[in-house]
$ cat input_23.pdb   # PDB, C-alpha atoms
ATOM      1  CA  MET A   5     -81.142  11.010 -15.789
ATOM      2  CA  PRO A   6     -82.636  13.787 -13.694
ATOM      3  CA  SER A   7     -80.293  16.473 -12.473
ATOM      4  CA  ILE A   8     -79.675  16.870  -8.773
ATOM      5  CA  HIS A   9     -79.633  20.347  -7.313
ATOM      6  CA  LEU A  10     -77.637  20.776  -4.155
ATOM      7  CA  PRO A  11     -78.660  23.424  -1.722
ATOM      8  CA  ASN A  12     -76.450  26.503  -1.372
ATOM      9  CA  PHE A  13     -74.790  27.000   2.030
ATOM     10  CA  ARG A  14     -73.294  30.296   3.201
ATOM     11  CA  LEU A  15     -70.404  29.810   5.613
ATOM     12  CA  SER A  16     -69.597  32.575   7.991
ATOM     13  CA  THR A  17     -65.898  33.633   7.998
ATOM     14  CA  ALA A  18     -65.964  35.048  11.492
ATOM     15  CA  PRO A  19     -65.379  31.761  13.339
ATOM     16  CA  LEU A  20     -62.620  30.816  10.893
ATOM     17  CA  ALA A  21     -60.846  34.134  11.370
ATOM     18  CA  ALA A  22     -61.119  33.761  15.117
ATOM     19  CA  ALA A  23     -59.565  30.293  14.939
ATOM     20  CA  VAL A  24     -56.682  31.555  12.793
ATOM     21  CA  LEU A  25     -55.983  34.405  15.199
ATOM     22  CA  LEU A  26     -56.040  31.988  18.121
ATOM     23  CA  LEU A  27     -53.515  29.674  16.436
ATOM     24  CA  CYS A  28     -51.215  32.596  15.594
ATOM     25  CA  ALA A  29     -51.282  33.790  19.168
ATOM     26  CA  ALA A  30     -50.527  30.316  20.453
ATOM     27  CA  GLY A  31     -47.674  29.979  17.930
ATOM     28  CA  ALA A  32     -46.233  33.319  18.955
ATOM     29  CA  PHE A  33     -46.047  32.365  22.621
ATOM     30  CA  ALA A  34     -44.971  28.723  22.137
ATOM     31  CA  PRO A  35     -41.358  29.407  20.938
ATOM     32  CA  GLN A  36     -40.830  31.828  23.785
ATOM     33  CA  ARG A  37     -41.893  29.245  26.363
ATOM     34  CA  ALA A  38     -39.848  26.476  24.720
ATOM     35  CA  PHE A  39     -36.719  28.608  24.468
ATOM     36  CA  ALA A  40     -37.153  29.844  28.040
ATOM     37  CA  GLN A  41     -37.214  26.226  29.215
ATOM     38  CA  ALA A  42     -34.538  24.680  26.932
ATOM     39  CA  ALA A  43     -32.214  27.398  25.638
ATOM     40  CA  LYS A  44     -29.495  28.831  27.838
ATOM     41  CA  PRO A  45     -29.450  32.634  27.838
ATOM     42  CA  ILE A  46     -26.310  34.405  26.642
ATOM     43  CA  ASP A  47     -24.449  36.480  29.163
ATOM     44  CA  PRO A  48     -24.214  40.027  27.777
ATOM     45  CA  GLY A  49     -20.895  40.462  29.542
ATOM     46  CA  THR A  50     -19.280  37.749  27.406
ATOM     47  CA  SER A  51     -19.547  39.578  24.094
ATOM     48  CA  VAL A  52     -16.377  39.751  22.008
ATOM     49  CA  SER A  53     -15.102  43.220  21.253
ATOM     50  CA  THR A  54     -11.961  44.287  19.457
ATOM     51  CA  ARG A  55      -9.188  46.127  21.263
ATOM     52  CA  PRO A  56      -5.754  47.417  20.215
ATOM     53  CA  LEU A  57      -2.680  45.244  20.601
ATOM     54  CA  ASP A  58      -0.290  46.060  23.394
ATOM     55  CA  ALA A  59       3.466  46.258  23.079
ATOM     56  CA  ALA A  60       4.195  43.095  25.053
ATOM     57  CA  ALA A  61       7.321  41.193  24.137
ATOM     58  CA  PRO A  62       7.022  37.511  23.098
ATOM     59  CA  GLY A  63       7.196  35.178  26.058
ATOM     60  CA  SER A  64       6.503  37.962  28.598
ATOM     61  CA  PRO A  65       3.626  37.844  31.132
ATOM     62  CA  ALA A  66       1.765  40.450  29.078
ATOM     63  CA  ASP A  67       2.132  38.278  25.963
ATOM     64  CA  ASP A  68       0.841  35.247  27.871
ATOM     65  CA  SER A  69      -2.079  37.329  29.123
ATOM     66  CA  LEU A  70      -2.843  38.403  25.554
ATOM     67  CA  LYS A  71      -2.846  34.795  24.353
ATOM     68  CA  ALA A  72      -5.095  33.802  27.259
ATOM     69  CA  ASP A  73      -7.446  36.656  26.321
ATOM     70  CA  PHE A  74      -7.536  35.419  22.706
ATOM     71  CA  ALA A  75      -8.345  31.902  23.905
ATOM     72  CA  GLN A  76     -11.093  33.158  26.228
ATOM     73  CA  ARG A  77     -12.684  35.249  23.499
ATOM     74  CA  GLN A  78     -12.547  32.263  21.135
ATOM     75  CA  LYS A  79     -14.315  30.113  23.727
ATOM     76  CA  VAL A  80     -17.026  32.763  24.041
ATOM     77  CA  LEU A  81     -17.533  32.814  20.271
ATOM     78  CA  ASP A  82     -17.659  29.026  20.131
ATOM     79  CA  ARG A  83     -20.211  28.928  22.956
ATOM     80  CA  ARG A  84     -22.355  31.604  21.305
ATOM     81  CA  THR A  85     -22.237  29.615  18.047
ATOM     82  CA  GLU A  86     -23.384  26.470  19.845
ATOM     83  CA  GLU A  87     -26.160  28.389  21.634
ATOM     84  CA  ASN A  88     -27.300  29.980  18.376
ATOM     85  CA  ASN A  89     -27.459  26.580  16.666
ATOM     86  CA  TYR A  90     -29.281  25.085  19.636
ATOM     87  CA  ARG A  91     -31.771  27.966  19.782
ATOM     88  CA  TYR A  92     -32.453  27.623  16.064
ATOM     89  CA  GLY A  93     -32.997  23.877  16.454
ATOM     90  CA  VAL A  94     -35.521  24.445  19.251
ATOM     91  CA  GLN A  95     -37.361  27.131  17.270
ATOM     92  CA  GLU A  96     -37.372  24.963  14.151
ATOM     93  CA  HIS A  97     -38.858  22.093  16.138
ATOM     94  CA  ASP A  98     -41.537  24.325  17.664
ATOM     95  CA  CYS A  99     -42.471  25.846  14.290
ATOM     96  CA  TYR A 100     -43.890  22.543  13.078
ATOM     97  CA  SER A 101     -46.548  22.756  15.791
ATOM     98  CA  LYS A 102     -47.755  26.156  14.549
ATOM     99  CA  PHE A 103     -50.262  26.993  11.881
ATOM    100  CA  PHE A 104     -47.963  29.225   9.791
ATOM    101  CA  VAL A 105     -45.012  26.849   9.685
ATOM    102  CA  ASN A 106     -43.072  28.490   6.852
ATOM    103  CA  HIS A 107     -43.437  31.959   8.287
ATOM    104  CA  CYS A 108     -42.212  30.707  11.655
ATOM    105  CA  LEU A 109     -39.256  28.891  10.048
ATOM    106  CA  ASP A 110     -38.285  32.004   8.089
ATOM    107  CA  ASN A 111     -38.302  34.125  11.236
ATOM    108  CA  ALA A 112     -36.221  31.566  13.136
ATOM    109  CA  ARG A 113     -33.794  31.233  10.229
ATOM    110  CA  ASN A 114     -33.433  35.008   9.895
ATOM    111  CA  ALA A 115     -32.745  35.377  13.612
ATOM    112  CA  MET A 116     -30.202  32.566  13.449
ATOM    113  CA  ARG A 117     -28.469  34.102  10.423
ATOM    114  CA  GLU A 118     -28.371  37.550  12.015
ATOM    115  CA  THR A 119     -26.740  36.156  15.150
ATOM    116  CA  ARG A 120     -24.372  34.063  13.044
ATOM    117  CA  GLN A 121     -23.377  37.163  11.064
ATOM    118  CA  GLN A 122     -22.622  39.036  14.289
ATOM    119  CA  ILE A 123     -20.526  36.125  15.540
ATOM    120  CA  ARG A 124     -18.728  35.951  12.202
ATOM    121  CA  GLN A 125     -17.872  39.657  12.322
ATOM    122  CA  GLU A 126     -16.450  39.256  15.813
ATOM    123  CA  GLN A 127     -14.595  36.085  14.712
ATOM    124  CA  LEU A 128     -13.036  37.956  11.783
ATOM    125  CA  ALA A 129     -11.995  40.772  14.107
ATOM    126  CA  LEU A 130     -10.449  38.260  16.521
ATOM    127  CA  ASP A 131      -8.612  36.521  13.667
ATOM    128  CA  ASP A 132      -7.288  39.888  12.489
ATOM    129  CA  GLU A 133      -5.985  40.631  15.973
ATOM    130  CA  ARG A 134      -4.318  37.225  16.141
ATOM    131  CA  ARG A 135      -2.654  37.697  12.768
ATOM    132  CA  ALA A 136      -1.519  41.174  13.755
ATOM    133  CA  ASP A 137      -0.124  39.826  17.026
ATOM    134  CA  ARG A 138       1.742  37.023  15.225
ATOM    135  CA  ALA A 139       3.107  39.502  12.679
ATOM    136  CA  LYS A 140       4.175  41.787  15.510
ATOM    137  CA  GLN A 141       5.929  38.905  17.273
ATOM    138  CA  ARG A 142       7.695  37.944  14.043
ATOM    139  CA  ASP A 143       8.820  41.539  13.583
ATOM    140  CA  GLN A 144      10.072  41.651  17.161
ATOM    141  CA  GLN A 145      11.956  38.382  16.750
ATOM    142  CA  THR A 146      13.456  39.639  13.492
ATOM    143  CA  ALA A 147      14.492  42.894  15.158
ATOM    144  CA  ILE A 148      16.034  41.012  18.095
ATOM    145  CA  LYS A 149      17.968  38.700  15.777
ATOM    146  CA  ARG A 150      19.113  41.645  13.652
ATOM    147  CA  ALA A 151      20.264  43.560  16.733
ATOM    148  CA  GLN A 152      22.029  40.480  18.063
ATOM    149  CA  TYR A 153      23.681  39.917  14.694
ATOM    150  CA  GLU A 154      24.857  43.533  14.582
ATOM    151  CA  ALA A 155      26.079  43.357  18.190
ATOM    152  CA  GLU A 156      28.074  40.216  17.405
ATOM    153  CA  ALA A 157      29.586  41.710  14.240
ATOM    154  CA  PRO A 158      32.841  42.923  15.950
ATOM    155  CA  GLN A 159      33.340  39.538  17.594
ATOM    156  CA  ARG A 160      32.702  37.753  14.300
ATOM    157  CA  ALA A 161      35.198  40.026  12.571
ATOM    158  CA  ALA A 162      37.764  39.328  15.290
ATOM    159  CA  ASN A 163      37.116  35.592  15.028
ATOM    160  CA  GLU A 164      37.434  35.670  11.248
ATOM    161  CA  LYS A 165      40.674  37.634  11.521
ATOM    162  CA  ALA A 166      42.036  35.172  14.081
ATOM    163  CA  SER A 167      40.977  32.249  11.890
ATOM    164  CA  GLN A 168      42.656  33.814   8.865
ATOM    165  CA  GLN A 169      45.835  34.428  10.870
ATOM    166  CA  ALA A 170      45.806  30.851  12.166
ATOM    167  CA  TYR A 171      45.293  29.564   8.625
ATOM    168  CA  GLU A 172      48.217  31.614   7.319
ATOM    169  CA  ASP A 173      50.429  30.429  10.201
ATOM    170  CA  LYS A 174      49.468  26.853   9.443
ATOM    171  CA  GLN A 175      50.281  27.339   5.765
ATOM    172  CA  ARG A 176      53.711  28.759   6.655
ATOM    173  CA  GLN A 177      54.359  25.824   8.983
ATOM    174  CA  ASN A 178      53.381  23.401   6.233
ATOM    175  CA  ALA A 179      55.711  25.159   3.778
ATOM    176  CA  LEU A 180      58.599  24.998   6.275
ATOM    177  CA  ALA A 181      57.885  21.335   6.937
ATOM    178  CA  ALA A 182      57.852  20.602   3.191
ATOM    179  CA  ALA A 183      61.175  22.419   2.716
ATOM    180  CA  GLN A 184      62.664  20.524   5.644
ATOM    181  CA  ARG A 185      61.490  17.224   4.168
ATOM    182  CA  GLU A 186      63.079  18.099   0.825
ATOM    183  CA  ALA A 187      66.352  19.025   2.552
ATOM    184  CA  ASP A 188      66.320  15.779   4.524
ATOM    185  CA  ALA A 189      65.529  13.656   1.457
ATOM    186  CA  PRO A 190      69.199  12.611   0.717
ATOM    187  CA  GLN A 191      69.791  11.675   4.330
ATOM    188  CA  ARG A 192      66.543   9.722   4.432
ATOM    189  CA  ALA A 193      67.580   7.905   1.242
ATOM    190  CA  ALA A 194      70.981   7.048   2.762
ATOM    191  CA  ASN A 195      69.328   5.880   5.958
ATOM    192  CA  GLN A 196      66.927   3.759   3.962
ATOM    193  CA  ALA A 197      69.788   2.210   1.985
ATOM    194  CA  ALA A 198      71.680   1.418   5.203
ATOM    195  CA  TYR A 199      68.548  -0.074   6.679
ATOM    196  CA  ASP A 200      68.022  -2.200   3.571
ATOM    197  CA  ARG A 201      71.621  -3.471   3.805
ATOM    198  CA  LYS A 202      71.160  -4.338   7.453
ATOM    199  CA  GLN A 203      67.966  -6.136   6.628
ATOM    200  CA  ALA A 204      69.727  -8.063   3.839
ATOM    201  CA  ASP A 205      72.605  -9.011   6.185
ATOM    202  CA  TYR A 206      70.171 -10.064   8.849
ATOM    203  CA  GLN A 207      68.245 -12.158   6.340
ATOM    204  CA  LYS A 208      71.489 -13.788   5.186
ATOM    205  CA  GLN A 209      72.404 -14.592   8.774
ATOM    206  CA  LEU A 210      68.989 -16.113   9.274
ATOM    207  CA  ASP A 211      69.383 -18.233   6.146
ATOM    208  CA  ASP A 212      72.865 -19.367   7.243
ATOM    209  CA  ALA A 213      71.586 -20.200  10.695
ATOM    210  CA  ARG A 214      68.740 -22.222   9.204
ATOM    211  CA  ALA A 215      71.212 -24.063   6.923
ATOM    212  CA  ARG A 216      73.522 -24.767   9.869
ATOM    213  CA  GLY A 217      70.575 -25.966  11.871
ATOM    214  CA  VAL A 218      69.605 -28.386   9.108
ATOM    215  CA  GLN A 219      73.210 -29.627   8.810
ATOM    216  CA  ASP A 220      73.544 -30.036  12.575
ATOM    217  CA  ALA A 221      70.318 -31.989  12.650
ATOM    218  CA  GLN A 222      71.564 -34.284   9.914
ATOM    219  CA  GLU A 223      74.870 -34.813  11.740
ATOM    220  CA  ARG A 224      73.046 -35.563  14.995
ATOM    221  CA  GLU A 225      70.876 -38.050  13.177
ATOM    222  CA  GLN A 226      73.924 -39.719  11.636
ATOM    223  CA  LYS A 227      75.653 -39.880  15.032
ATOM    224  CA  ALA A 228      72.548 -41.411  16.524
ATOM    225  CA  GLN A 229      72.456 -43.993  13.759
ATOM    226  CA  ARG A 230      76.159 -44.822  14.284
ATOM    227  CA  TYR A 231      75.629 -45.073  18.018
ATOM    228  CA  GLU A 232      72.691 -47.387  17.475
ATOM    229  CA  GLN A 233      74.762 -49.516  15.135
ATOM    230  CA  LYS A 234      77.615 -49.718  17.673
ATOM    231  CA  GLN A 235      75.158 -50.662  20.371
ATOM    232  CA  GLN A 236      73.835 -53.435  18.175
ATOM    233  CA  GLU A 237      77.388 -54.629  17.392
ATOM    234  CA  ALA A 238      78.300 -54.550  21.091
ATOM    235  CA  ALA A 239      75.208 -56.540  21.966
ATOM    236  CA  GLN A 240      76.037 -59.058  19.264
ATOM    237  CA  HIS A 241      79.651 -59.278  20.535
ATOM    238  CA  ARG A 242      78.444 -59.850  24.091
ATOM    239  CA  ALA A 243      76.147 -62.566  22.853
ATOM    240  CA  GLU A 244      79.017 -64.240  20.985
ATOM    241  CA  VAL A 245      81.306 -63.980  24.038
ATOM    242  CA  GLU A 246      78.634 -65.457  26.252
ATOM    243  CA  ALA A 247      78.123 -68.254  23.734
ATOM    244  CA  ARG A 248      81.880 -68.980  23.609
ATOM    245  CA  GLN A 249      82.071 -68.882  27.394
ATOM    246  CA  LYS A 250      79.174 -71.290  27.649
ATOM    247  CA  GLU A 251      80.821 -73.573  25.068
ATOM    248  CA  ALA A 252      84.155 -73.458  26.926
ATOM    249  CA  ALA A 253      82.407 -74.204  30.216
ATOM    250  CA  ARG A 254      80.595 -77.101  28.616
ATOM    251  CA  LYS A 255      83.835 -78.467  27.174
ATOM    252  CA  ALA A 256      85.619 -78.018  30.496
ATOM    253  CA  GLN A 257      82.804 -79.826  32.244
ATOM    254  CA  GLU A 258      82.919 -82.627  29.708
ATOM    255  CA  LYS A 259      86.688 -82.833  30.094
ATOM    256  CA  ALA A 260      86.384 -82.927  33.862
ATOM    257  CA  GLN A 261      83.770 -85.629  33.621
ATOM    258  CA  GLN A 262      85.982 -87.575  31.237
ATOM    259  CA  GLN A 263      88.950 -87.205  33.561
ATOM    260  CA  GLU A 264      86.795 -88.316  36.468
ATOM    261  CA  GLN A 265      85.685 -91.343  34.518
ATOM    262  CA  GLU A 266      89.285 -92.151  33.620
ATOM    263  CA  ARG A 267      90.294 -91.798  37.264
ATOM    264  CA  GLN A 268      87.457 -94.029  38.331
ATOM    265  CA  GLU A 269      88.468 -96.567  35.748
ATOM    266  CA  GLN A 270      92.088 -96.414  36.950
ATOM    267  CA  LEU A 271      90.913 -96.930  40.506
ATOM    268  CA  LYS A 272      88.878 -99.900  39.414
ATOM    269  CA  VAL A 273      91.875-101.319  37.557
ATOM    270  CA  GLN A 274      94.093-100.813  40.589
ATOM    271  CA  GLN A 275      91.543-102.419  42.842
ATOM    272  CA  GLN A 276      91.266-105.367  40.501
ATOM    273  CA  GLN A 277      95.050-105.711  40.371
ATOM    274  CA  GLN A 278      95.264-105.602  44.126
ATOM    275  CA  GLN A 279      92.645-108.277  44.455
ATOM    276  CA  GLN A 280      94.403-110.424  41.931
ATOM    277  CA  GLY A 281      97.756-109.993  43.776
ATOM    278  CA  LYS A 282      96.284-111.290  46.975
TER     279      LYS A 282
END

$ encode --input "input_23.pdb" --output "structure tokens"
Amino acid sequence: MPSIHLPNFRLSTAPLAAAVLLLCAAGAFAPQRAFAQAAKPIDPGTSVSTRPLDAAAPGSPADDSLKADFAQRQKVLDRRTEENNYRYGVQEHDCYSKFFVNHCLDNARNAMRETRQQIRQEQLALDDERRADRAKQRDQQTAIKRAQYEAEAPQRAANEKASQQAYEDKQRQNALAAAQREADAPQRAANQAAYDRKQADYQKQLDDARARGVQDAQEREQKAQRYEQKQQEAAQHRAEVEARQKEAARKAQEKAQQQEQERQEQLKVQQQQQQQGK
């Protein structure tokens, strides 16, 4: 197979170098335009700087002002952190449209890290001030409590002395009461015995009254039974009397009728005799 010889071409590097320089220039100006349009500039007056703590008491207007200052400085740091992250995001996005992407990303990352380090230093300083302020407030509260405790020491001693005296008086009263109870023990025993006797007598009276009540009830029941029996006997006697009276009336009526018949017969006999005598 025959060999093929390609012709040699000599490329000029001048146009290529010019193109590279043009792309670098465009890449250098592109982030500035993008950041000028999208990123919000940082106000130089809002930088966080350390300052010494004042001697404000906790809860005072100066202490409230100090806390408000801490909060404002924290907001500034938070806003600068957000702006730094946003600026880095914009630069990172714009770097991918440049020729030297890695170089552009490194520059953007270095700028972001430098700003982040500054913010971190100011954040650490702010945190130190906050811790110092809290420690100072704790020390002040401790000092106030200690002074109050020392100021109340005489009153506490007086109260403890009064409490001890009251306790001793109470103990003496209890001892006197115990001695009085021991002295009154025989009399209480006698009173209890008398009370027990009265209770026994009262119980006996109650039992006797109950027994009498039962006996009276039985007697009343017996009287009622006797009365009922007498009533029955009286009713039976009245019935017998009425029966005898009715029998006597019947006999009297029969006797009267018989006498009337005899009289009638005698009249008839007399009339017959008179008729026969005529």

$ closest_residue --input "input_23.pdb" --among "A:Gln175, A:Gln209, A:Gln127, A:Gln263" --to "Lys79 in chain A" --atoms "all atoms listed in the file"
A:Gln127

$ closest_atom_pairs --input "input_23.pdb" --of "range 205-237 of chain A" --to "range 241-244 of chain A" --cutoff "10 Å" --atoms "all atoms listed in the file" --output "CSV"
residue,atom,partner,partner_atom,distance
A:Gln235,CA,A:His241,CA,9.7
A:Gln236,CA,A:His241,CA,8.6
A:Glu237,CA,A:His241,CA,6.1

$ write_last_selection --input "input_23.pdb" --atoms "C-alpha atoms" --output "compact mmCIF listing (two decimals), in the frame of the given file"
# COMPACT_ATOMS: atom_id res chain seq x y z
CA GLN A 235 75.16 -50.66 20.37
CA GLN A 236 73.83 -53.44 18.18
CA GLU A 237 77.39 -54.63 17.39

$ resolve_selection --input "input_23.pdb" --expression "the PyMOL selection byres ((chain A and resi 130) around 10)" --output "PyMOL selection string"
chain A and resi 52-55+74-75+77-78+81+124-129+131-136

$ write_last_selection --input "input_23.pdb" --atoms "C-alpha atoms" --output "mmCIF file, keeping the file's coordinate frame"
data_model
loop_
_atom_site.group_PDB
_atom_site.id
_atom_site.type_symbol
_atom_site.label_atom_id
_atom_site.label_comp_id
_atom_site.auth_asym_id
_atom_site.auth_seq_id
_atom_site.Cartn_x
_atom_site.Cartn_y
_atom_site.Cartn_z
ATOM 1 C CA VAL A 52 -16.377 39.751 22.008
ATOM 2 C CA SER A 53 -15.102 43.220 21.253
ATOM 3 C CA THR A 54 -11.961 44.287 19.457
ATOM 4 C CA ARG A 55 -9.188 46.127 21.263
ATOM 5 C CA PHE A 74 -7.536 35.419 22.706
ATOM 6 C CA ALA A 75 -8.345 31.902 23.905
ATOM 7 C CA ARG A 77 -12.684 35.249 23.499
ATOM 8 C CA GLN A 78 -12.547 32.263 21.135
ATOM 9 C CA LEU A 81 -17.533 32.814 20.271
ATOM 10 C CA ARG A 124 -18.728 35.951 12.202
ATOM 11 C CA GLN A 125 -17.872 39.657 12.322
ATOM 12 C CA GLU A 126 -16.450 39.256 15.813
ATOM 13 C CA GLN A 127 -14.595 36.085 14.712
ATOM 14 C CA LEU A 128 -13.036 37.956 11.783
ATOM 15 C CA ALA A 129 -11.995 40.772 14.107
ATOM 16 C CA ASP A 131 -8.612 36.521 13.667
ATOM 17 C CA ASP A 132 -7.288 39.888 12.489
ATOM 18 C CA GLU A 133 -5.985 40.631 15.973
ATOM 19 C CA ARG A 134 -4.318 37.225 16.141
ATOM 20 C CA ARG A 135 -2.654 37.697 12.768
ATOM 21 C CA ALA A 136 -1.519 41.174 13.755
#

$ closest_residue --input "input_23.pdb" --among "A:Arg84, A:Arg201, A:Lys259, A:Lys165" --to "Ile123 in chain A" --atoms "all atoms listed in the file"
A:Arg84

$ atom_distance --input "input_23.pdb" --atom1 "CA of Asp68 in chain A" --atom2 "CA of Thr85 in chain A"
25.7 Å

$ atom_distance --input "input_23.pdb" --atom1 "CA of Gln152 in chain A" --atom2 "CA of Lys140 in chain A"
18.1 Å

$ atom_distance --input "input_23.pdb" --atom1 "CA of Arg113 in chain A" --atom2 "CA of Asp82 in chain A"
19.1 Å

$ closest_residue --input "input_23.pdb" --among "A:Asp110, A:Phe104, A:Asn195, A:Arg120" --to "Glu87 in chain A" --atoms "all atoms listed in the file"
A:Arg120

$ axis_aligned_box --input "input_23.pdb" --around "range 274-278 of chain A" --padding-each-side "4 Å" --output "JSON"
{"center_x": 93.3, "center_y": -103.3, "center_z": 42.2, "size_x": 12.0, "size_y": 12.9, "size_z": 11.8}
